[in-house]
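Reproduced below: work-v2.txt, with compact mmCIF, C-alpha atoms.
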# COMPACT_ATOMS: atom_id res chain seq x y z
CA VAL L 238 194.25 126.00 -103.52
CA GLN L 239 197.59 126.03 -105.27
CA LEU L 240 201.30 126.51 -104.70
CA GLN L 241 203.20 127.60 -107.78
CA ALA L 242 206.98 127.20 -107.70
CA SER L 243 209.18 129.03 -110.16
CA GLY L 244 212.72 130.26 -110.69
CA GLY L 245 214.53 127.06 -111.49
CA GLY L 246 217.00 126.73 -114.30
CA LEU L 247 220.50 125.78 -115.37
CA VAL L 248 223.42 127.36 -113.53
CA GLN L 249 227.12 126.70 -113.23
CA ALA L 250 228.65 125.44 -110.02
CA GLY L 251 229.24 128.34 -107.66
CA GLY L 252 226.33 130.29 -109.06
CA SER L 253 223.05 131.36 -107.51
CA LEU L 254 219.35 130.96 -108.12
CA ARG L 255 216.28 132.29 -106.35
CA LEU L 256 213.18 130.15 -106.23
CA SER L 257 209.73 131.51 -105.50
CA CYS L 258 206.59 129.76 -104.35
CA ALA L 259 203.36 131.70 -104.68
CA GLY L 260 200.22 130.56 -102.94
CA SER L 261 196.69 131.08 -104.22
CA GLY L 262 193.23 130.05 -103.13
CA ARG L 263 193.96 130.53 -99.44
CA THR L 264 196.38 132.45 -97.30
CA PHE L 265 199.42 130.57 -96.03
CA SER L 266 200.49 133.40 -93.73
CA LYS L 267 199.96 131.33 -90.58
CA ASP L 268 201.55 128.14 -91.87
CA VAL L 269 205.01 126.66 -91.85
CA MET L 270 206.35 126.62 -95.38
CA GLY L 271 209.02 124.21 -96.55
CA TRP L 272 211.21 123.36 -99.51
CA PHE L 273 212.05 119.80 -100.45
CA ARG L 274 213.96 118.37 -103.38
CA GLN L 275 214.20 115.13 -105.27
CA ALA L 276 217.11 114.12 -107.45
CA PRO L 277 216.77 111.42 -110.13
CA GLY L 278 216.75 107.98 -108.56
CA LYS L 279 216.75 109.36 -105.02
CA GLU L 280 214.23 109.84 -102.27
CA ARG L 281 212.68 113.21 -101.64
CA GLU L 282 214.67 115.12 -99.05
CA PHE L 283 214.03 118.05 -96.78
CA VAL L 284 215.87 121.27 -97.64
CA THR L 285 214.55 124.01 -95.37
CA ALA L 286 211.44 125.40 -93.68
CA ILE L 287 210.28 128.63 -92.11
CA ASN L 288 207.67 129.40 -89.50
CA TRP L 289 204.71 131.69 -90.07
CA ASN L 290 206.41 135.00 -89.25
CA GLY L 291 209.87 134.17 -90.53
CA VAL L 292 211.50 134.27 -87.11
CA SER L 293 212.35 130.58 -87.04
CA THR L 294 214.07 128.69 -89.85
CA TYR L 295 215.50 125.21 -90.16
CA TYR L 296 217.97 123.87 -92.72
CA ALA L 297 219.31 120.53 -93.79
CA ASP L 298 223.01 120.26 -93.03
CA SER L 299 223.76 119.91 -96.74
CA VAL L 300 222.52 123.44 -97.50
CA LYS L 301 223.22 125.27 -94.26
CA GLY L 302 225.24 128.43 -94.87
CA ARG L 303 224.45 128.42 -98.60
CA PHE L 304 220.66 128.57 -98.85
CA ILE L 305 218.34 131.14 -97.27
CA ILE L 306 214.59 130.77 -96.89
CA SER L 307 212.36 133.80 -96.48
CA ARG L 308 208.73 134.75 -96.89
CA ASP L 309 206.51 137.68 -97.73
CA ASN L 310 203.10 137.06 -96.21
CA ALA L 311 201.62 140.11 -97.92
CA ARG L 312 202.40 138.39 -101.23
CA ASN L 313 201.57 134.90 -99.93
CA THR L 314 204.99 133.86 -101.22
CA VAL L 315 208.02 132.03 -99.88
CA TYR L 316 211.50 132.26 -101.38
CA LEU L 317 214.60 130.12 -101.49
CA GLN L 318 217.86 131.92 -102.22
CA MET L 319 220.43 129.35 -103.27
CA ASN L 320 224.08 130.42 -103.31
CA SER L 321 227.34 128.57 -103.95
CA LEU L 322 225.42 125.92 -105.83
CA LYS L 323 226.99 122.50 -106.31
CA PRO L 324 226.25 119.77 -108.86
CA GLU L 325 224.77 117.68 -106.03
CA ASP L 326 222.08 120.35 -105.59
CA THR L 327 220.62 119.28 -108.93
CA ALA L 328 217.03 118.19 -108.33
CA VAL L 329 213.40 119.11 -108.71
CA TYR L 330 212.56 121.52 -105.92
CA TYR L 331 209.13 121.51 -104.34
CA CYS L 332 207.52 123.95 -101.96
CA ALA L 333 204.97 122.77 -99.45
CA ALA L 334 202.68 124.08 -96.73
CA LEU L 335 202.33 122.52 -93.29
CA LEU L 336 199.00 123.38 -91.70
CA LYS L 337 199.59 121.57 -88.41
CA SER L 338 200.75 124.04 -85.81
CA GLY L 339 202.60 123.84 -82.53
CA HIS L 340 205.34 121.46 -83.58
CA SER L 341 209.09 121.84 -83.18
CA PRO L 342 211.31 122.48 -86.20
CA GLY L 343 212.33 118.83 -86.23
CA PHE L 344 208.75 118.01 -87.25
CA TRP L 345 209.10 120.29 -90.26
CA ARG L 346 211.49 117.79 -91.87
CA ILE L 347 208.71 115.23 -92.34
CA GLY L 348 207.41 115.65 -95.86
CA ASP L 349 204.44 113.34 -95.34
CA GLU L 350 203.04 115.78 -92.77
CA TYR L 351 202.70 118.61 -95.28
CA ASP L 352 199.26 119.37 -96.62
CA TYR L 353 199.81 121.25 -99.87
CA TRP L 354 202.53 120.82 -102.48
CA GLY L 355 203.65 122.82 -105.46
CA GLN L 356 204.35 121.28 -108.83
CA GLY L 357 208.14 121.50 -108.60
CA THR L 358 210.78 123.46 -110.46
CA GLN L 359 213.94 121.93 -111.96
CA VAL L 360 217.33 123.12 -110.78
CA THR L 361 220.36 121.88 -112.68
CA VAL L 362 223.89 122.75 -111.60
CA SER L 363 226.65 122.03 -114.08
CA SER L 364 230.23 121.35 -113.02
If you convert what's in this file into structure tokens, what do you get?
Amino acid sequence: VQLQASGGGLVQAGGSLRLSCAGSGRTFSKDVMGWFRQAPGKEREFVTAINWNGVSTYYADSVKGRFIISRDNARNTVYLQMNSLKPEDTAVYYCAALLKSGHSPGFWRIGDEYDYWGQGTQVTVSS
């Protein structure tokens, strides 16, 4: 079972990037999928998450209105569209799958509850 994140890179402030996270080895179509990030010298932080059918999403205040999470269950893939990027968005971005069901979106913020993690993709925003 694997989650493969891609799409990171170097972008100027104000620019956009689209991250992808492709699952393999099992279907994640019934699972909450999340994105987290970790900047150098900082703790891992929650970015956003989406429920199994895409109807419910949850964002950290720091990215609300700029980032959009979506998913394509037919492709077993989740996306993170990042707009109006800022230097403080610089981090390694990780996707993750939460297999536990029936929890409120507040639960989705807890990284330790996720069951599968991707390898991370570097996003660097220059000023």
Shell around Arg263 of chain L at 7 Å using all atoms listed in the file, local window under 2 positions removed, as a PyMOL selection string: chain L and resi 238+261+265
Using only C-alpha atoms, which of L:Asn310, L:Ala297, L:Lys337, L:Asn288 sits nearest Tyr351 of chain L?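 Once distances to Tyr351 of chain L are computed over only C-alpha atoms, the minimum belongs to L:Lys337.
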Can you pull out the residues contacting segment 269-277 of chain L? Cut-off 8 Å, using only C-alpha atoms, and skip same-chain residues under 5 positions away; I want them as a VMD selection string. chain L and resid 282 to 289 315 317 327 to 336 338 345 348
What's the separation between atom CA of Gly343 of chain L and atom CA of Val362 of chain L, in Å to one decimal place?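 These atoms are spaced 28.2 Å apart.
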State, in Å with one decimal place, the distance from atom CA of Leu322 of chain L to atom CA of Glu350 of chain L. 27.8 Å
Which polymer residues have any atom within 10 Å of an atom of Val300 of chain L, counting all atoms listed in the file, with same-chain residues fewer than 4 positions away left out, as a list in words?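 Here the qualifying residues turn out to be Val284, Thr285, Tyr296, Phe304, Ile305, Met319, Asn320, Ser321, Leu322, Lys323 and Asp326 of chain L.
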Looking at only C-alpha atoms, which of L:Ser299, L:Arg308, L:Asp268, L:Glu325 is the one that sits closest to Gly339 of chain L?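 Looking only at the distances to Gly339 of chain L, the closest residue turns out to be L:Asp268.
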Please compute the atom CA of Ser243 of chain L-atom CA of Arg255 of chain L distance, one decimal, in Å.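 Answer for the atom CA of Ser243 of chain L to atom CA of Arg255 of chain L separation: 8.7 Å.
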Top pick for closest residue to Ser363 of chain L, considering L:Gln239, L:Asp298, L:Pro324, L:Ala259 and counting all atoms listed in the file: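 Selected residue with least distance to Ser363 of chain L: L:Pro324.
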Measuring atom to atom with only C-alpha atoms, identify which of L:Lys301, L:Gly291, L:Cys258, L:Ile306 is nearest to Gly245 of chain L.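 Among the listed residues, L:Cys258 lies closest to Gly245 of chain L.
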Which residue gives the smallest distance to Ser253 of chain L among L:Lys279, L:Gln318, L:Ser364, L:Tyr353, with all atoms listed in the file counted?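 Checking each candidate against Ser253 of chain L, we get L:Gln318 as the closest.
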Is there a way to complete segment 258-284 of chain L with N, CA and C atoms and then write that out as a short mmCIF file (atom, residue, chain, number, x, y, z; two decimals), keeping the file's coordinate frame?
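Result went into out-v5.cif, see below:
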data_model
loop_
_atom_site.label_atom_id
_atom_site.label_comp_id
_atom_site.auth_asym_id
_atom_site.auth_seq_id
_atom_site.Cartn_x
_atom_site.Cartn_y
_atom_site.Cartn_z
N CYS L 258 207.75 130.63 -104.47
CA CYS L 258 206.59 129.76 -104.35
C CYS L 258 205.40 130.64 -103.96
N ALA L 259 204.50 130.83 -104.89
CA ALA L 259 203.36 131.70 -104.68
C ALA L 259 202.11 130.89 -104.38
N GLY L 260 201.44 131.26 -103.31
CA GLY L 260 200.22 130.56 -102.94
C GLY L 260 198.99 131.28 -103.48
N SER L 261 197.97 130.51 -103.78
CA SER L 261 196.69 131.08 -104.22
C SER L 261 195.56 130.21 -103.71
N GLY L 262 194.40 130.79 -103.59
CA GLY L 262 193.23 130.05 -103.13
C GLY L 262 193.01 130.09 -101.63
N ARG L 263 194.06 130.35 -100.89
CA ARG L 263 193.96 130.53 -99.44
C ARG L 263 195.22 131.26 -99.00
N THR L 264 195.18 131.84 -97.84
CA THR L 264 196.38 132.45 -97.30
C THR L 264 197.20 131.40 -96.56
N PHE L 265 198.51 131.47 -96.74
CA PHE L 265 199.42 130.57 -96.03
C PHE L 265 200.20 131.34 -94.97
N SER L 266 199.73 132.51 -94.62
CA SER L 266 200.49 133.40 -93.73
C SER L 266 200.63 132.87 -92.31
N LYS L 267 199.84 131.89 -91.93
CA LYS L 267 199.96 131.33 -90.58
C LYS L 267 200.56 129.92 -90.58
N ASP L 268 201.06 129.51 -91.72
CA ASP L 268 201.55 128.14 -91.87
C ASP L 268 203.06 128.07 -92.01
N VAL L 269 203.61 126.97 -91.54
CA VAL L 269 205.01 126.66 -91.85
C VAL L 269 205.10 126.34 -93.34
N MET L 270 206.12 126.89 -93.97
CA MET L 270 206.35 126.62 -95.38
C MET L 270 207.71 125.95 -95.53
N GLY L 271 207.77 124.95 -96.38
CA GLY L 271 209.02 124.21 -96.55
C GLY L 271 209.40 124.04 -98.01
N TRP L 272 210.67 123.73 -98.19
CA TRP L 272 211.21 123.36 -99.51
C TRP L 272 211.80 121.96 -99.38
N PHE L 273 211.49 121.14 -100.34
CA PHE L 273 212.05 119.80 -100.45
C PHE L 273 212.63 119.66 -101.85
N ARG L 274 213.43 118.63 -102.04
CA ARG L 274 213.96 118.37 -103.38
C ARG L 274 214.06 116.88 -103.62
N GLN L 275 214.06 116.53 -104.89
CA GLN L 275 214.20 115.13 -105.27
C GLN L 275 215.08 115.04 -106.51
N ALA L 276 216.20 114.37 -106.34
CA ALA L 276 217.11 114.12 -107.45
C ALA L 276 216.72 112.82 -108.14
N PRO L 277 217.11 112.64 -109.41
CA PRO L 277 216.77 111.42 -110.13
C PRO L 277 217.26 110.18 -109.39
N GLY L 278 216.38 109.23 -109.20
CA GLY L 278 216.75 107.98 -108.56
C GLY L 278 216.92 108.05 -107.06
N LYS L 279 216.58 109.20 -106.47
CA LYS L 279 216.75 109.36 -105.02
C LYS L 279 215.41 109.68 -104.36
N GLU L 280 215.40 109.49 -103.05
CA GLU L 280 214.23 109.84 -102.27
C GLU L 280 214.11 111.36 -102.15
N ARG L 281 212.90 111.80 -101.94
CA ARG L 281 212.68 113.21 -101.64
C ARG L 281 213.37 113.56 -100.33
N GLU L 282 213.99 114.73 -100.28
CA GLU L 282 214.67 115.12 -99.05
C GLU L 282 214.29 116.54 -98.64
N PHE L 283 214.30 116.74 -97.36
CA PHE L 283 214.03 118.05 -96.78
C PHE L 283 215.18 119.00 -97.08
N VAL L 284 214.85 120.24 -97.41
CA VAL L 284 215.87 121.27 -97.64
C VAL L 284 215.83 122.32 -96.53
#
